[in-house]
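Next up, query.tsv (TSV, C-alpha atoms):
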chain	number	residue	atom	x	y	z
T	1	MET	CA	338.64	275.31	75.18
T	2	THR	CA	335.83	275.82	77.61
T	3	LYS	CA	335.49	278.77	79.91
T	4	PHE	CA	337.05	278.55	83.37
T	5	ILE	CA	334.85	280.15	86.00
T	6	PHE	CA	335.91	280.52	89.61
T	7	GLU	CA	333.38	282.01	92.02
T	8	SER	CA	333.76	282.03	95.78
T	9	GLU	CA	333.03	283.88	98.95
T	10	LEU	CA	336.23	284.72	100.79
T	11	VAL	CA	337.18	285.03	104.45
T	12	PHE	CA	338.71	288.47	103.90
T	13	ASN	CA	338.24	291.21	101.31
T	14	PRO	CA	340.42	290.90	98.19
T	15	ALA	CA	343.78	292.57	98.78
T	16	PRO	CA	345.81	294.52	96.22
T	17	HIS	CA	349.41	293.93	95.25
T	18	ASN	CA	351.40	296.55	97.10
T	19	GLN	CA	354.74	297.49	95.59
T	20	SER	CA	355.63	299.90	98.38
T	21	ASN	CA	356.55	297.25	100.97
T	22	PHE	CA	360.33	296.91	101.06
T	23	ASN	CA	362.50	294.93	103.47
T	24	LYS	CA	365.88	296.16	104.74
T	25	PHE	CA	367.55	294.71	101.61
T	26	GLY	CA	365.32	296.79	99.29
T	27	GLN	CA	363.30	293.78	98.14
T	28	VAL	CA	359.51	294.00	97.74
T	29	TYR	CA	357.56	291.77	100.12
T	30	LYS	CA	353.87	291.01	100.46
T	31	GLY	CA	351.99	292.66	103.30
T	32	LYS	CA	349.88	290.58	105.71
T	33	ARG	CA	346.58	291.34	103.93
T	34	GLU	CA	347.93	290.47	100.48
T	35	PHE	CA	349.65	287.33	101.74
T	36	ALA	CA	346.46	286.12	103.47
T	37	TYR	CA	344.40	286.85	100.34
T	38	ILE	CA	346.68	285.07	97.87
T	39	THR	CA	347.14	282.10	100.22
T	40	GLU	CA	343.37	281.67	100.55
T	41	LEU	CA	342.88	282.17	96.82
T	42	GLN	CA	345.50	279.56	95.95
T	43	LYS	CA	343.89	276.98	98.25
T	44	ARG	CA	340.41	277.62	96.84
T	45	LEU	CA	341.66	277.46	93.24
T	46	LYS	CA	343.44	274.15	93.90
T	47	VAL	CA	340.27	272.67	95.41
T	48	GLN	CA	338.26	273.68	92.35
T	49	ILE	CA	340.87	272.26	89.98
T	50	MET	CA	340.93	268.94	91.86
T	51	ARG	CA	337.11	268.71	91.72
T	52	ASP	CA	336.91	269.58	88.01
T	53	LYS	CA	338.18	266.48	86.20
T	54	SER	CA	337.90	268.22	82.80
T	55	PHE	CA	340.14	271.16	83.79
T	56	LYS	CA	343.13	271.84	81.56
T	57	LYS	CA	345.57	274.65	82.24
T	58	TYR	CA	345.55	277.43	79.65
T	59	GLY	CA	348.71	277.18	77.58
T	60	GLU	CA	350.63	279.82	75.71
T	61	VAL	CA	347.59	281.27	73.95
T	62	PRO	CA	345.93	284.69	74.11
T	63	ILE	CA	343.29	284.76	76.83
T	64	LYS	CA	340.68	287.10	78.24
T	65	VAL	CA	340.20	287.36	82.01
T	66	ASP	CA	337.32	289.11	83.75
T	67	TYR	CA	337.30	289.78	87.49
T	68	ILE	CA	334.65	290.85	89.97
T	69	PHE	CA	336.09	291.84	93.33
T	70	GLY	CA	333.40	291.92	96.02
T	71	PHE	CA	333.94	293.84	99.25
T	72	ALA	CA	331.81	293.55	102.37
T	73	PRO	CA	330.30	296.89	103.40
T	74	THR	CA	331.84	298.57	106.42
T	75	LYS	CA	330.11	297.27	109.57
T	76	SER	CA	329.78	300.72	111.10
T	77	TRP	CA	327.66	301.97	108.19
T	78	SER	CA	323.92	302.55	108.63
T	79	LYS	CA	321.50	299.94	107.28
T	80	LYS	CA	320.45	302.44	104.60
T	81	LYS	CA	324.04	302.99	103.41
T	82	ILE	CA	324.71	299.23	103.42
T	83	GLN	CA	321.59	298.69	101.29
T	84	ARG	CA	322.75	301.39	98.86
T	85	ALA	CA	326.15	299.70	98.63
T	86	LEU	CA	324.64	296.25	98.01
T	87	SER	CA	322.35	297.65	95.31
T	88	HIS	CA	325.44	299.17	93.60
T	89	GLU	CA	324.55	302.79	94.22
T	90	ILE	CA	327.84	303.13	96.13
T	91	TYR	CA	331.13	301.58	94.99
T	92	PRO	CA	334.25	300.57	96.97
T	93	THR	CA	336.51	303.54	96.31
T	94	GLU	CA	338.05	303.86	99.78
T	95	GLN	CA	341.83	303.87	99.82
T	96	ASN	CA	342.02	300.65	101.88
T	97	LYS	CA	340.14	298.71	99.14
T	98	GLY	CA	342.98	299.13	96.65
T	99	ASP	CA	343.24	300.14	93.02
T	100	TRP	CA	341.60	297.71	90.63
T	101	ASP	CA	344.84	297.21	88.68
T	102	ASN	CA	346.68	296.20	91.86
T	103	LEU	CA	343.82	293.84	92.78
T	104	THR	CA	344.17	292.15	89.39
T	105	LYS	CA	347.95	291.95	89.81
T	106	SER	CA	347.79	290.09	93.12
T	107	THR	CA	345.12	287.77	91.70
T	108	GLN	CA	346.92	287.13	88.39
T	109	ASP	CA	350.06	286.15	90.27
T	110	ARG	CA	348.07	283.24	91.78
T	111	LEU	CA	346.73	282.21	88.37
T	112	ASN	CA	350.26	281.87	86.94
T	113	LYS	CA	351.34	278.27	86.47
T	114	LEU	CA	348.21	277.05	88.31
T	115	ILE	CA	345.49	278.08	85.83
T	116	ILE	CA	347.40	279.88	83.05
T	117	ALA	CA	350.90	279.53	81.65
T	118	ASP	CA	351.76	283.16	82.43
T	119	ASP	CA	349.85	286.41	82.84
T	120	ARG	CA	351.64	287.87	79.81
T	121	PHE	CA	349.15	285.87	77.72
T	122	ILE	CA	346.25	287.95	79.06
T	123	VAL	CA	345.37	290.25	76.17
T	124	ASP	CA	341.88	291.35	77.16
T	125	GLY	CA	339.77	291.61	80.24
T	126	ARG	CA	337.86	293.65	82.73
T	127	ALA	CA	337.98	294.17	86.47
T	128	ARG	CA	335.13	295.49	88.59
T	129	LYS	CA	334.92	296.40	92.27
T	130	ILE	CA	331.53	296.11	93.93
T	131	PHE	CA	330.04	295.67	97.37
T	132	THR	CA	328.71	292.20	98.19
T	133	PRO	CA	327.25	290.83	101.44
T	134	LYS	CA	330.52	288.96	102.14
T	135	PRO	CA	334.00	289.22	100.59
T	136	TYR	CA	333.79	287.64	97.14
T	137	LEU	CA	335.76	286.91	93.99
T	138	ARG	CA	334.72	285.83	90.51
T	139	ILE	CA	337.23	285.01	87.78
T	140	GLU	CA	336.23	284.09	84.26
T	141	ILE	CA	338.88	282.98	81.75
T	142	GLU	CA	338.56	282.09	78.09
T	143	GLU	CA	340.76	281.84	75.03
T	144	VAL	CA	340.54	284.74	72.57
Kindly present the structure from the file in structure tokens form.
Amino acid sequence: MTKFIFESELVFNPAPHNQSNFNKFGQVYKGKREFAYITELQKRLKVQIMRDKSFKKYGEVPIKVDYIFGFAPTKSWSKKKIQRALSHEIYPTEQNKGDWDNLTKSTQDRLNKLIIADDRFIVDGRARKIFTPKPYLRIEIEEV
């Protein structure tokens, strides 16, 4: 099977899955940032799938998934600090950017049933957080 590559600028920074949001019934719910992110991601993935006539969903096979999560530098930063961030001298480690494992979790949930059979078939992969001029996401999937 060929490699599936999704690459897109986003309206908002990628948002992590947050397991600490509970409603009054004790059920986990998605926060506004995560909900907006996964909604946008789902729409963009569907558009790419519709445009790619050769696309076939990954079945129940081991797969590798690599992610690049791009975050826009903070607007209040100096031009020098922004340039350092964009040249990857500074990385997005602020608490509001999220842990990379939670970023992959929110993203993988959108891949389920749309691109892959289930995220339990992911056996290898990598996730990176970097600064980019605008919010950005790259996903690369291939069979192992």
**Item:** Between CA of Val65 (chain T) and CA of Asp124 (chain T) - distance in Å to one decimal
**Value:** 6.5 Å
**Request:** Write out as a ChimeraX atom specification which residues come within 10 Å of region 68-78 of chain T when counting all atoms listed in the file, dropping same-chain ones fewer than 4 positions away.
**Result:** /T:7-10,12-15,82-86,90-92,97,100,103-104,126-140
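For the pair CA of Tyr37 (chain T) and CA of Pro16 (chain T), the interatomic distance is 8.8 Å.
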**Request:** Mind checking which residues fall within 8 Å of Pro62 (chain T), counting only C-alpha atoms, ignoring those fewer than 6 positions away in the same chain, and posting them as a PyMOL selection string?
**Result:** chain T and resi 121-123+143-144
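Going from CA of Glu142 (chain T) to CA of Arg33 (chain T) covers 28.6 Å.
Taking all atoms listed in the file into account, those protein, DNA and RNA residues with any atom at most 12 Å away from (340.2, 273.7, 84.2) amount to Met1, Thr2, Lys3, Phe4, Ile5, Phe6, Leu45, Lys46, Val47, Gln48, Ile49, Met50, Arg51, Asp52, Lys53, Ser54, Phe55, Lys56, Lys57, Tyr58, Gly59, Leu111, Leu114, Ile115, Ile116, Glu140, Ile141 and Glu142 of chain T.
In terms of minimum interatomic distance to Glu60 (chain T), T:Asn112 ranks closest within T:Gln27, T:Asn112, T:Gln42, T:Asp99, counting only C-alpha atoms.
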**Asked** Residues at most 9 Å from His17 (chain T), counting all atoms listed in the file, excluding those fewer than 4 positions away in the same chain, as a VMD selection string?
**Response** chain T and resid 30 to 31 34 98 101 to 107
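Closest approach to Asp119 (chain T) among T:Lys81, T:Lys64, T:His88, T:Lys43 is made by T:Lys64 (distances from only C-alpha atoms).
Distance annotation: of T:Arg110, T:Val61, T:Ser87, T:Lys79, the residue with the minimal separation from Phe35 (chain T) is T:Arg110; atom set is all atoms listed in the file.
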